[in-house]
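Here the structure is laid out as structure tokens; the discussion comes afterwards.
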2 protein chains.
Amino acid sequence: VKMVHNGIEYGDMQLIAEAYDLLKRVGKLSNEELHQAFSQWNEERLRSFLVEITAAIFAQKDDLTTGDLVDSILDKAKQKGTGKWTSQNGMDLGIPVPTIDAAVSMRGISSFKADRVAAENILGLTVDSVKVDKAAFTELVKDALYFAFVVTYAQGMSLLAEASEEYDYDLNMEEIAKIWRGGCIIRADLLEQMRQAYENDPNLKNLLVAPSFKDHLLETQAAMRKVLATGIESGIPLLAFSTALGYFDAYRTGRLPLNVVQAQRDYFGSHTYERIDKEGIFHTEWEG
Amino acid sequence: VKMVHNGIEYGDMQLIAEAYDLLKRVGKLSNEELHQAFSQWNEERLRSFLVEITAAIFAQKDDLTTGDLVDSILDKAKQKGTGKWTSQNGMDLGIPVPTIDAAVSMRGISSFKADRVAAENILGLTVDSVKVDKAAFTELVKDALYFAFVVTYAQGMSLLAEASEEYDYDLNMEEIAKIWRGGCIIRADLLEQMRQAYENDPNLKNLLVAPSFKDHLLETQAAMRKVLATGIESGIPLLAFSTALGYFDAYRTGRLPLNVVQAQRDYFGSHTYERIDKEGIFHTEWEG
């Protein structure tokens, strides 16, 4: 449970970093404006320990220069391994946590500082091509971050629920949400909604479809799509944001295109496939 | 080497599935038009075994119905584990392969068929909102797929290069690219360019910055951004496409926003940070 807590923490931290990148490089917010935005967000439904300390981080002066400390900190993030373990365990259990995977990837890529600086000179950047209204864009990023937070908790909780079955942990999901509401790094107002979701349905498979989250997700998904499209056009790396939306869109798609993957597997390896209209295992002698 | 080959194979297959989803649901291509498109692509720089068999798959008639076989195949993709191992090893070595991670995630999500069908009823779909020109969109998807293929090979090869150092494998990267040009599932015309890239620089750290790929990537990145933005607006799940672009954008960003992640880690856990202007390890007593 502590490992998955930390995995969600990795996801939330990377999402905040991407929100910061969008607001700074596309929205052109100053550190003072970032401080104001995160402080305001912490009064609303994004209220959480990580949003609160991020607001404080943007206000911190640098003892060694005349600037703000955040601008002097090197962009290489270290890791102790708990995010990685969460991703690796999710893969072993067949329960995807792609936003946690993305956060682990970004810590890795962040460590290649010299390679990134060299690559920027070779491949260039496309930022600055997109103009946005600062206030309106900040509101969109706020809603997109909320959407992505919910999706990340949903991924982590679905992993816990499956682990409980697989390893006979007999976890009480409502109790976990209740405990996490205070004293831990991912504490957030939305954990109370999460607790309610498991109170209503202790066997809930995924928070995305819980009545207490569904309306919030449907309300904020348009902001998420706009922010992502703007970021993608601007060349801002958004691995965590885009995997959150990708997970949501995949999870609510009744018919995915992986029929083609099964066809390919049967074509080159005779791995067989199932059909939509008949029980059983099938193999085709493919032409061409 | 075989494991990483299979990891790249997972990535390429998922990318093809997403291209299919885009062309079918946004571009409104029929199976016959999909067959034509993939057949044509196999005459150009996307020429590869997987594109070739995908073209054949769209032309295959169904023995048990009057329709095309691809439409009767269930969208649950199985896995034997080699993609998962590649992702897990990438995490252990600190070398991100996010498009392979995404492919593994999508096989997992594909297996939750009943949950997806239920979620579609609860969360709805937004496809059909976006209108595109069929021929122009098909060209864009072709270029986006090429871009994403190159990025996926780059991820896999960077993992092999690091594994060679870490485990003293003494791998000859040029030889690997040369061998993969024939007889294996990821064989593709672009492997000859890859071989040349390693011939020019046996210690090349990442194919993204190789002279033989750089211009292709810069030429196709605009198509990639347009296709992704269109797919995101349409609600098409694009985990592999978006992680390919996210990896590219992260790798070529000299200054990532992970300074905030390090600030957070120092704030809540005194994990220290480095600075951009001075050597050493620093810690701050944060205010607020």
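All residue names refer to the structure tokens as shown: chains lettered A, B, ... in order, residues numbered from 1 in each chain, ligands numbered from 1 in order.
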Spatial neighbours of stretch 119-134 of chain B, 8 Å, only C-alpha atoms, chain gap at least 3 places, as an MDAnalysis selection string: (chainID A and resid 209 214 218 251:254) or (chainID B and resid 25:29 115:116 137:138 230 233:236)
Using only C-alpha atoms, determine which residues lie at most 10 Å from A:Lys78, disregarding the query and same-chain residues fewer than 6 positions distant; provide the list as a ChimeraX atom specification. /A:104,107-108,110-111 /B:258,261-262,265,271-273
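Using only C-alpha atoms, the nearest neighbour of chain A within the list B:Ala19, B:Ile73, B:Leu217, B:Val150 is B:Ile73.
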Option closest in space to B:Leu93, from B:Tyr146, B:Tyr167, B:Phe58, B:Tyr267 [counting only C-alpha atoms]: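 Closest candidate: B:Tyr167.
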Within 12 Å of B:Gly182, counting only C-alpha atoms, which residues show up once you throw out same-chain ones fewer than 4 positions away? Write them as a compact mmCIF listing (two decimals) with N, CA and C atoms, in the first residue's frame, please.
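Done, and the output landed in result_35.txt:
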```
# COMPACT_ATOMS: atom_id res chain seq x y z
N SER B 48 8.02 -2.27 -44.27
CA SER B 48 8.40 -3.13 -43.15
C SER B 48 7.47 -4.34 -43.13
N PHE B 49 7.91 -5.39 -42.48
CA PHE B 49 7.11 -6.61 -42.38
C PHE B 49 5.76 -6.33 -41.73
N ILE B 176 23.76 -5.37 -34.95
CA ILE B 176 22.38 -5.67 -34.56
C ILE B 176 21.40 -5.09 -35.59
N ALA B 177 21.61 -3.84 -35.96
CA ALA B 177 20.74 -3.21 -36.96
C ALA B 177 20.81 -3.98 -38.28
N LYS B 178 22.01 -4.42 -38.62
CA LYS B 178 22.23 -5.16 -39.87
C LYS B 178 21.47 -6.49 -39.86
N ILE B 186 10.51 -7.20 -36.74
CA ILE B 186 10.59 -5.74 -36.87
C ILE B 186 11.45 -5.30 -38.05
N ARG B 187 11.73 -6.21 -38.98
CA ARG B 187 12.52 -5.81 -40.16
C ARG B 187 11.80 -4.69 -40.90
N ALA B 188 12.60 -3.72 -41.31
CA ALA B 188 12.03 -2.51 -41.91
C ALA B 188 13.13 -1.80 -42.68
N ASP B 189 12.73 -1.06 -43.69
CA ASP B 189 13.73 -0.32 -44.47
C ASP B 189 14.55 0.63 -43.60
N LEU B 190 13.91 1.17 -42.55
CA LEU B 190 14.64 2.15 -41.75
C LEU B 190 15.79 1.53 -40.96
N LEU B 191 15.86 0.20 -40.89
CA LEU B 191 16.99 -0.43 -40.20
C LEU B 191 18.30 -0.23 -40.95
N GLU B 192 18.23 -0.04 -42.27
CA GLU B 192 19.45 0.24 -43.02
C GLU B 192 19.98 1.63 -42.65
```
Report as an mmCIF file with N, CA, C and O atoms, in the first residue's frame: the residues of stretch 136-240 of chain A with a DSSP assignment of helix (DSSP H, G or I), based on the backbone of this structure.
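Result saved to part-v9.cif:
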```cif
data_model
loop_
_atom_site.group_PDB
_atom_site.id
_atom_site.type_symbol
_atom_site.label_atom_id
_atom_site.label_comp_id
_atom_site.auth_asym_id
_atom_site.auth_seq_id
_atom_site.Cartn_x
_atom_site.Cartn_y
_atom_site.Cartn_z
ATOM 1 N N ALA A 136 -7.254 32.725 -19.014
ATOM 2 C CA ALA A 136 -8.088 31.617 -19.494
ATOM 3 C C ALA A 136 -7.272 30.322 -19.551
ATOM 4 O O ALA A 136 -7.765 29.247 -19.176
ATOM 5 N N PHE A 137 -6.027 30.424 -19.997
ATOM 6 C CA PHE A 137 -5.175 29.239 -20.087
ATOM 7 C C PHE A 137 -4.898 28.664 -18.699
ATOM 8 O O PHE A 137 -4.901 27.440 -18.502
ATOM 9 N N THR A 138 -4.690 29.535 -17.721
ATOM 10 C CA THR A 138 -4.445 29.080 -16.348
ATOM 11 C C THR A 138 -5.647 28.288 -15.815
ATOM 12 O O THR A 138 -5.474 27.247 -15.164
ATOM 13 N N GLU A 139 -6.843 28.749 -16.120
ATOM 14 C CA GLU A 139 -8.052 28.014 -15.714
ATOM 15 C C GLU A 139 -8.106 26.636 -16.389
ATOM 16 O O GLU A 139 -8.472 25.635 -15.772
ATOM 17 N N LEU A 140 -7.762 26.594 -17.667
ATOM 18 C CA LEU A 140 -7.769 25.313 -18.387
ATOM 19 C C LEU A 140 -6.759 24.334 -17.784
ATOM 20 O O LEU A 140 -7.053 23.148 -17.612
ATOM 21 N N VAL A 141 -5.567 24.842 -17.475
ATOM 22 C CA VAL A 141 -4.534 23.966 -16.899
ATOM 23 C C VAL A 141 -4.989 23.456 -15.530
ATOM 24 O O VAL A 141 -4.773 22.290 -15.189
ATOM 25 N N LYS A 142 -5.646 24.297 -14.770
ATOM 26 C CA LYS A 142 -6.178 23.872 -13.460
ATOM 27 C C LYS A 142 -7.136 22.689 -13.627
ATOM 28 O O LYS A 142 -7.017 21.677 -12.922
ATOM 29 N N ASP A 143 -8.068 22.815 -14.552
ATOM 30 C CA ASP A 143 -9.035 21.729 -14.756
ATOM 31 C C ASP A 143 -8.366 20.475 -15.317
ATOM 32 O O ASP A 143 -8.724 19.347 -14.962
ATOM 33 N N ALA A 144 -7.398 20.675 -16.208
ATOM 34 C CA ALA A 144 -6.676 19.526 -16.771
ATOM 35 C C ALA A 144 -5.894 18.801 -15.680
ATOM 36 O O ALA A 144 -5.843 17.563 -15.644
ATOM 37 N N LEU A 145 -5.301 19.573 -14.771
ATOM 38 C CA LEU A 145 -4.542 18.952 -13.679
ATOM 39 C C LEU A 145 -5.476 18.164 -12.760
ATOM 40 O O LEU A 145 -5.136 17.051 -12.328
ATOM 41 N N TYR A 146 -6.644 18.704 -12.496
ATOM 42 C CA TYR A 146 -7.611 17.979 -11.671
ATOM 43 C C TYR A 146 -7.997 16.656 -12.348
ATOM 44 O O TYR A 146 -7.996 15.586 -11.721
ATOM 45 N N PHE A 147 -8.323 16.739 -13.635
ATOM 46 C CA PHE A 147 -8.668 15.539 -14.408
ATOM 47 C C PHE A 147 -7.549 14.494 -14.281
ATOM 48 O O PHE A 147 -7.789 13.318 -13.995
ATOM 49 N N ALA A 148 -6.319 14.944 -14.488
ATOM 50 C CA ALA A 148 -5.180 14.017 -14.487
ATOM 51 C C ALA A 148 -4.902 13.455 -13.099
ATOM 52 O O ALA A 148 -4.505 12.284 -12.958
ATOM 53 N N PHE A 149 -5.096 14.261 -12.059
ATOM 54 C CA PHE A 149 -4.963 13.750 -10.685
ATOM 55 C C PHE A 149 -5.942 12.592 -10.455
ATOM 56 O O PHE A 149 -5.573 11.534 -9.949
ATOM 57 N N VAL A 150 -7.202 12.808 -10.805
ATOM 58 C CA VAL A 150 -8.209 11.768 -10.583
ATOM 59 C C VAL A 150 -7.823 10.486 -11.318
ATOM 60 O O VAL A 150 -7.886 9.380 -10.767
ATOM 61 N N VAL A 151 -7.391 10.641 -12.566
ATOM 62 C CA VAL A 151 -7.029 9.462 -13.360
ATOM 63 C C VAL A 151 -5.840 8.733 -12.732
ATOM 64 O O VAL A 151 -5.791 7.495 -12.707
ATOM 65 N N THR A 152 -4.894 9.467 -12.191
ATOM 66 C CA THR A 152 -3.711 8.845 -11.577
ATOM 67 C C THR A 152 -4.082 8.080 -10.304
ATOM 68 O O THR A 152 -3.614 6.949 -10.088
ATOM 69 N N TYR A 153 -4.922 8.683 -9.466
ATOM 70 C CA TYR A 153 -5.420 7.942 -8.298
ATOM 71 C C TYR A 153 -6.186 6.692 -8.754
ATOM 72 O O TYR A 153 -6.069 5.625 -8.146
ATOM 73 N N ALA A 154 -6.962 6.831 -9.808
ATOM 74 C CA ALA A 154 -7.734 5.681 -10.303
ATOM 75 C C ALA A 154 -6.811 4.540 -10.720
ATOM 76 O O ALA A 154 -7.081 3.364 -10.437
ATOM 77 N N GLN A 155 -5.707 4.890 -11.401
ATOM 78 C CA GLN A 155 -4.752 3.848 -11.807
ATOM 79 C C GLN A 155 -4.164 3.155 -10.580
ATOM 80 O O GLN A 155 -4.120 1.918 -10.495
ATOM 81 N N GLY A 156 -3.702 3.946 -9.619
ATOM 82 C CA GLY A 156 -3.076 3.363 -8.433
ATOM 83 C C GLY A 156 -4.057 2.509 -7.630
ATOM 84 O O GLY A 156 -3.716 1.407 -7.185
ATOM 85 N N MET A 157 -5.273 3.015 -7.465
ATOM 86 C CA MET A 157 -6.258 2.271 -6.667
ATOM 87 C C MET A 157 -6.671 0.975 -7.379
ATOM 88 O O MET A 157 -6.938 -0.040 -6.725
ATOM 89 N N SER A 158 -6.740 1.004 -8.710
ATOM 90 C CA SER A 158 -7.107 -0.232 -9.420
ATOM 91 C C SER A 158 -6.001 -1.277 -9.260
ATOM 92 O O SER A 158 -6.276 -2.475 -9.179
ATOM 93 N N LEU A 159 -4.757 -0.812 -9.182
ATOM 94 C CA LEU A 159 -3.649 -1.744 -8.928
ATOM 95 C C LEU A 159 -3.771 -2.350 -7.524
ATOM 96 O O LEU A 159 -3.618 -3.569 -7.351
ATOM 97 N N LEU A 160 -4.082 -1.518 -6.540
ATOM 98 C CA LEU A 160 -4.258 -2.034 -5.175
ATOM 99 C C LEU A 160 -5.392 -3.049 -5.097
ATOM 100 O O LEU A 160 -5.268 -4.088 -4.438
ATOM 101 N N ALA A 161 -6.499 -2.729 -5.769
ATOM 102 C CA ALA A 161 -7.658 -3.626 -5.719
ATOM 103 C C ALA A 161 -7.292 -4.987 -6.319
ATOM 104 O O ALA A 161 -7.655 -6.040 -5.779
ATOM 105 N N GLU A 162 -6.551 -4.975 -7.433
ATOM 106 C CA GLU A 162 -6.164 -6.236 -8.074
ATOM 107 C C GLU A 162 -5.134 -6.980 -7.226
ATOM 108 O O GLU A 162 -5.209 -8.211 -7.088
ATOM 109 N N ALA A 163 -4.192 -6.235 -6.655
ATOM 110 C CA ALA A 163 -3.172 -6.867 -5.807
ATOM 111 C C ALA A 163 -3.840 -7.546 -4.608
ATOM 112 O O ALA A 163 -3.433 -8.624 -4.180
ATOM 113 N N SER A 164 -4.883 -6.898 -4.084
ATOM 114 C CA SER A 164 -5.600 -7.456 -2.935
ATOM 115 C C SER A 164 -6.196 -8.817 -3.272
ATOM 116 O O SER A 164 -6.117 -9.759 -2.486
ATOM 117 N N GLU A 165 -6.769 -8.903 -4.485
ATOM 118 C CA GLU A 165 -7.333 -10.193 -4.929
ATOM 119 C C GLU A 165 -6.242 -11.222 -5.175
ATOM 120 O O GLU A 165 -6.309 -12.356 -4.718
ATOM 121 N N GLU A 166 -5.226 -10.784 -5.926
ATOM 122 C CA GLU A 166 -4.178 -11.711 -6.365
ATOM 123 C C GLU A 166 -3.381 -12.266 -5.185
ATOM 124 O O GLU A 166 -3.035 -13.442 -5.158
ATOM 125 N N MET A 173 -10.565 -0.856 0.788
ATOM 126 C CA MET A 173 -10.233 0.314 -0.037
ATOM 127 C C MET A 173 -10.738 1.604 0.595
ATOM 128 O O MET A 173 -10.085 2.642 0.510
ATOM 129 N N GLU A 174 -11.891 1.547 1.212
ATOM 130 C CA GLU A 174 -12.409 2.750 1.852
ATOM 131 C C GLU A 174 -11.479 3.204 2.980
ATOM 132 O O GLU A 174 -11.204 4.391 3.147
ATOM 133 N N GLU A 175 -10.978 2.239 3.726
ATOM 134 C CA GLU A 175 -10.085 2.547 4.849
ATOM 135 C C GLU A 175 -8.777 3.176 4.342
ATOM 136 O O GLU A 175 -8.239 4.110 4.958
ATOM 137 N N ILE A 176 -8.282 2.665 3.216
ATOM 138 C CA ILE A 176 -7.042 3.224 2.650
ATOM 139 C C ILE A 176 -7.253 4.681 2.252
ATOM 140 O O ILE A 176 -6.446 5.566 2.586
ATOM 141 N N ALA A 177 -8.356 4.945 1.544
ATOM 142 C CA ALA A 177 -8.652 6.326 1.148
ATOM 143 C C ALA A 177 -8.791 7.214 2.386
ATOM 144 O O ALA A 177 -8.315 8.352 2.414
ATOM 145 N N LYS A 178 -9.418 6.677 3.418
ATOM 146 C CA LYS A 178 -9.643 7.430 4.659
ATOM 147 C C LYS A 178 -8.306 7.785 5.325
ATOM 148 O O LYS A 178 -8.077 8.926 5.729
ATOM 149 N N ILE A 179 -7.426 6.794 5.399
ATOM 150 C CA ILE A 179 -6.125 7.012 6.050
ATOM 151 C C ILE A 179 -5.292 8.032 5.272
ATOM 152 O O ILE A 179 -4.645 8.901 5.853
ATOM 153 N N TRP A 180 -5.326 7.930 3.952
ATOM 154 C CA TRP A 180 -4.511 8.813 3.113
ATOM 155 C C TRP A 180 -4.987 10.271 3.166
ATOM 156 O O TRP A 180 -4.287 11.156 2.677
ATOM 157 N N LEU A 190 -9.659 15.361 -2.673
ATOM 158 C CA LEU A 190 -10.385 14.372 -3.473
ATOM 159 C C LEU A 190 -10.360 12.975 -2.852
ATOM 160 O O LEU A 190 -11.111 12.083 -3.278
ATOM 161 N N LEU A 191 -9.522 12.765 -1.815
ATOM 162 C CA LEU A 191 -9.523 11.456 -1.155
ATOM 163 C C LEU A 191 -10.819 11.210 -0.382
ATOM 164 O O LEU A 191 -11.214 10.060 -0.183
ATOM 165 N N GLU A 192 -11.471 12.280 0.066
ATOM 166 C CA GLU A 192 -12.760 12.098 0.740
ATOM 167 C C GLU A 192 -13.818 11.598 -0.256
ATOM 168 O O GLU A 192 -14.598 10.693 0.046
ATOM 169 N N GLN A 193 -13.787 12.169 -1.476
ATOM 170 C CA GLN A 193 -14.687 11.659 -2.531
ATOM 171 C C GLN A 193 -14.377 10.192 -2.835
ATOM 172 O O GLN A 193 -15.248 9.392 -3.131
ATOM 173 N N MET A 194 -13.084 9.904 -2.820
ATOM 174 C CA MET A 194 -12.656 8.533 -3.105
ATOM 175 C C MET A 194 -13.157 7.590 -2.015
ATOM 176 O O MET A 194 -13.638 6.493 -2.308
ATOM 177 N N ARG A 195 -13.045 8.030 -0.777
ATOM 178 C CA ARG A 195 -13.546 7.211 0.331
ATOM 179 C C ARG A 195 -15.035 6.932 0.157
ATOM 180 O O ARG A 195 -15.503 5.802 0.313
ATOM 181 N N GLN A 196 -15.769 7.992 -0.214
ATOM 182 C CA GLN A 196 -17.210 7.839 -0.424
ATOM 183 C C GLN A 196 -17.500 6.850 -1.558
ATOM 184 O O GLN A 196 -18.448 6.054 -1.479
ATOM 185 N N ALA A 197 -16.674 6.920 -2.601
ATOM 186 C CA ALA A 197 -16.887 6.014 -3.732
ATOM 187 C C ALA A 197 -16.767 4.563 -3.281
ATOM 188 O O ALA A 197 -17.572 3.703 -3.675
ATOM 189 N N TYR A 198 -15.772 4.255 -2.428
ATOM 190 C CA TYR A 198 -15.601 2.881 -1.949
ATOM 191 C C TYR A 198 -16.612 2.524 -0.859
ATOM 192 O O TYR A 198 -16.938 1.357 -0.682
ATOM 193 N N GLU A 199 -17.092 3.536 -0.142
ATOM 194 C CA GLU A 199 -18.171 3.283 0.828
ATOM 195 C C GLU A 199 -19.431 2.834 0.076
ATOM 196 O O GLU A 199 -20.103 1.876 0.470
ATOM 197 N N ASN A 200 -19.717 3.538 -1.018
ATOM 198 C CA ASN A 200 -20.881 3.179 -1.838
ATOM 199 C C ASN A 200 -20.737 1.809 -2.485
ATOM 200 O O ASN A 200 -21.715 1.103 -2.687
ATOM 201 N N LEU A 207 -12.121 3.905 -10.257
ATOM 202 C CA LEU A 207 -12.715 5.173 -9.802
ATOM 203 C C LEU A 207 -13.283 6.009 -10.948
ATOM 204 O O LEU A 207 -14.112 6.886 -10.712
ATOM 205 N N LEU A 208 -12.805 5.766 -12.174
ATOM 206 C CA LEU A 208 -13.274 6.585 -13.303
ATOM 207 C C LEU A 208 -14.789 6.515 -13.459
ATOM 208 O O LEU A 208 -15.411 7.477 -13.910
ATOM 209 N N VAL A 209 -15.371 5.378 -13.117
ATOM 210 C CA VAL A 209 -16.812 5.213 -13.313
ATOM 211 C C VAL A 209 -17.614 5.428 -12.024
ATOM 212 O O VAL A 209 -18.824 5.230 -12.012
ATOM 213 N N PRO A 211 -19.765 7.301 -9.355
ATOM 214 C CA PRO A 211 -20.647 8.471 -9.495
ATOM 215 C C PRO A 211 -20.007 9.766 -8.983
ATOM 216 O O PRO A 211 -20.218 10.831 -9.561
ATOM 217 N N SER A 212 -19.192 9.675 -7.915
ATOM 218 C CA SER A 212 -18.623 10.899 -7.335
ATOM 219 C C SER A 212 -17.502 11.498 -8.198
ATOM 220 O O SER A 212 -17.097 12.637 -7.976
ATOM 221 N N PHE A 213 -16.964 10.750 -9.151
ATOM 222 C CA PHE A 213 -15.910 11.293 -10.002
ATOM 223 C C PHE A 213 -16.345 11.523 -11.446
ATOM 224 O O PHE A 213 -15.847 12.410 -12.137
ATOM 225 N N LYS A 214 -17.293 10.699 -11.882
ATOM 226 C CA LYS A 214 -17.723 10.732 -13.282
ATOM 227 C C LYS A 214 -18.038 12.146 -13.774
ATOM 228 O O LYS A 214 -17.517 12.588 -14.807
ATOM 229 N N ASP A 215 -18.861 12.875 -13.017
ATOM 230 C CA ASP A 215 -19.268 14.204 -13.474
ATOM 231 C C ASP A 215 -18.086 15.171 -13.518
ATOM 232 O O ASP A 215 -17.992 16.002 -14.423
ATOM 233 N N HIS A 216 -17.190 15.061 -12.542
ATOM 234 C CA HIS A 216 -15.995 15.912 -12.548
ATOM 235 C C HIS A 216 -15.136 15.626 -13.791
ATOM 236 O O HIS A 216 -14.602 16.542 -14.407
ATOM 237 N N LEU A 217 -15.009 14.353 -14.130
ATOM 238 C CA LEU A 217 -14.195 13.985 -15.289
ATOM 239 C C LEU A 217 -14.837 14.484 -16.581
ATOM 240 O O LEU A 217 -14.152 15.037 -17.451
ATOM 241 N N LEU A 218 -16.138 14.282 -16.695
ATOM 242 C CA LEU A 218 -16.809 14.721 -17.918
ATOM 243 C C LEU A 218 -16.785 16.247 -18.030
ATOM 244 O O LEU A 218 -16.718 16.788 -19.127
ATOM 245 N N GLU A 219 -16.803 16.927 -16.883
ATOM 246 C CA GLU A 219 -16.773 18.392 -16.895
ATOM 247 C C GLU A 219 -15.391 18.925 -17.283
ATOM 248 O O GLU A 219 -15.282 19.966 -17.927
ATOM 249 N N THR A 220 -14.321 18.221 -16.875
ATOM 250 C CA THR A 220 -12.970 18.748 -17.093
ATOM 251 C C THR A 220 -12.278 18.153 -18.312
ATOM 252 O O THR A 220 -11.203 18.619 -18.693
ATOM 253 N N GLN A 221 -12.883 17.161 -18.948
ATOM 254 C CA GLN A 221 -12.164 16.516 -20.055
ATOM 255 C C GLN A 221 -11.928 17.466 -21.231
ATOM 256 O O GLN A 221 -10.900 17.365 -21.915
ATOM 257 N N ALA A 222 -12.829 18.410 -21.477
ATOM 258 C CA ALA A 222 -12.621 19.335 -22.594
ATOM 259 C C ALA A 222 -11.392 20.206 -22.338
ATOM 260 O O ALA A 222 -10.584 20.452 -23.247
ATOM 261 N N ALA A 223 -11.229 20.650 -21.081
ATOM 262 C CA ALA A 223 -10.038 21.433 -20.727
ATOM 263 C C ALA A 223 -8.778 20.602 -20.945
ATOM 264 O O ALA A 223 -7.773 21.078 -21.482
ATOM 265 N N MET A 224 -8.840 19.331 -20.518
ATOM 266 C CA MET A 224 -7.704 18.430 -20.690
ATOM 267 C C MET A 224 -7.317 18.313 -22.166
ATOM 268 O O MET A 224 -6.139 18.393 -22.525
ATOM 269 N N ARG A 225 -8.306 18.154 -23.022
ATOM 270 C CA ARG A 225 -8.014 18.006 -24.463
ATOM 271 C C ARG A 225 -7.432 19.291 -25.039
ATOM 272 O O ARG A 225 -6.498 19.267 -25.848
ATOM 273 N N LYS A 226 -7.959 20.435 -24.614
ATOM 274 C CA LYS A 226 -7.450 21.714 -25.137
ATOM 275 C C LYS A 226 -6.020 21.967 -24.678
ATOM 276 O O LYS A 226 -5.170 22.391 -25.461
ATOM 277 N N VAL A 227 -5.768 21.725 -23.393
ATOM 278 C CA VAL A 227 -4.425 21.951 -22.856
ATOM 279 C C VAL A 227 -3.414 21.044 -23.538
ATOM 280 O O VAL A 227 -2.321 21.470 -23.929
ATOM 281 N N LEU A 228 -3.780 19.782 -23.712
ATOM 282 C CA LEU A 228 -2.865 18.847 -24.362
ATOM 283 C C LEU A 228 -2.600 19.265 -25.802
ATOM 284 O O LEU A 228 -1.454 19.251 -26.254
ATOM 285 N N ALA A 229 -3.644 19.629 -26.520
ATOM 286 C CA ALA A 229 -3.457 20.032 -27.917
ATOM 287 C C ALA A 229 -2.555 21.258 -28.003
ATOM 288 O O ALA A 229 -1.667 21.326 -28.862
ATOM 289 N N THR A 230 -2.743 22.197 -27.089
ATOM 290 C CA THR A 230 -1.901 23.403 -27.076
ATOM 291 C C THR A 230 -0.456 23.052 -26.741
ATOM 292 O O THR A 230 0.480 23.547 -27.377
ATOM 293 N N GLY A 231 -0.279 22.191 -25.748
ATOM 294 C CA GLY A 231 1.070 21.787 -25.363
ATOM 295 C C GLY A 231 1.783 21.023 -26.462
ATOM 296 O O GLY A 231 2.971 21.220 -26.705
ATOM 297 N N ILE A 232 1.058 20.153 -27.123
ATOM 298 C CA ILE A 232 1.638 19.354 -28.215
ATOM 299 C C ILE A 232 2.050 20.261 -29.372
ATOM 300 O O ILE A 232 3.118 20.099 -29.963
ATOM 301 N N GLU A 233 1.224 21.231 -29.673
ATOM 302 C CA GLU A 233 1.563 22.182 -30.739
ATOM 303 C C GLU A 233 2.799 23.004 -30.357
ATOM 304 O O GLU A 233 3.605 23.369 -31.218
ATOM 305 N N SER A 234 2.945 23.270 -29.049
ATOM 306 C CA SER A 234 4.053 24.108 -28.569
ATOM 307 C C SER A 234 5.347 23.336 -28.362
ATOM 308 O O SER A 234 6.383 23.946 -28.088
ATOM 309 N N LEU A 239 4.329 13.870 -21.071
ATOM 310 C CA LEU A 239 4.169 12.425 -20.972
ATOM 311 C C LEU A 239 3.112 12.043 -19.931
ATOM 312 O O LEU A 239 2.303 11.133 -20.173
ATOM 313 N N ALA A 240 3.085 12.714 -18.790
ATOM 314 C CA ALA A 240 2.117 12.350 -17.744
ATOM 315 C C ALA A 240 0.707 12.813 -18.117
ATOM 316 O O ALA A 240 -0.255 12.043 -18.012
#
```
Within 6 Å of A:Arg275, counting only C-alpha atoms, which residues show up once you throw out same-chain ones fewer than 2 positions away? Write them as a short mmCIF file (atom, residue, chain, number, x, y, z; two decimals) with N, CA, C and O atoms, in the first residue's frame, please.
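Writing done, so here's out-v1.cif:
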```cif
data_model
loop_
_atom_site.label_atom_id
_atom_site.label_comp_id
_atom_site.auth_asym_id
_atom_site.auth_seq_id
_atom_site.Cartn_x
_atom_site.Cartn_y
_atom_site.Cartn_z
N ASP A 277 -18.23 -12.89 -32.16
CA ASP A 277 -19.57 -13.48 -32.36
C ASP A 277 -19.67 -14.94 -31.97
O ASP A 277 -20.76 -15.52 -32.02
N LYS A 278 -18.55 -15.55 -31.60
CA LYS A 278 -18.57 -16.99 -31.26
C LYS A 278 -17.55 -17.27 -30.17
O LYS A 278 -16.47 -16.70 -30.17
N SER B 72 -14.29 -9.18 -37.16
CA SER B 72 -14.82 -10.25 -36.30
C SER B 72 -13.87 -10.62 -35.17
O SER B 72 -14.23 -11.40 -34.28
N ILE B 73 -12.66 -10.09 -35.21
CA ILE B 73 -11.66 -10.47 -34.19
C ILE B 73 -11.87 -9.65 -32.93
O ILE B 73 -12.03 -8.43 -32.98
N LEU B 74 -11.86 -10.34 -31.80
CA LEU B 74 -12.06 -9.68 -30.51
C LEU B 74 -10.86 -8.77 -30.21
O LEU B 74 -9.71 -9.13 -30.47
#
```
Compare B:Ile281, B:Leu50, B:Ala250, B:Val260 by their minimum atom-to-atom distance to A:Asp12, counting only C-alpha atoms, and give me the closest one.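 Result for the nearest residue to A:Asp12: B:Val260.
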How far is it from atom CA of A:Gln14 to atom CA of A:Lys61, in Å with one decimal?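 Separating atom CA of A:Gln14 from atom CA of A:Lys61 is a distance of 22.7 Å.
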DSSP strand (DSSP E or B) residues within stretch 10-183 of chain A, as a PyMOL selection string: chain A and resi 48+61+68+73
What's around A:Pro257 at 8 Å? Count only C-alpha atoms, leave out sequence neighbours fewer than 2 positions away in its own chain, and write the answer as a VMD selection string. (chain A and resid 255 259 to 261) or (chain B and resid 17 to 18 20 to 21 75)
Choose the residue, out of A:Ile276, A:Leu34, A:Leu23, A:Ala135, that has the smallest atom-to-atom separation from chain B; count only C-alpha atoms.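 Nearest candidate to chain B out of A:Ile276, A:Leu34, A:Leu23, A:Ala135: A:Ile276.
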Nearby residues (only C-alpha atoms) at most 9 Å from B:Ser105, same-chain spacing under 5 positions excluded, as an NGL selection string: (:A and (91 or 94-98 or 247)) or (:B and (100 or 110 or 239))
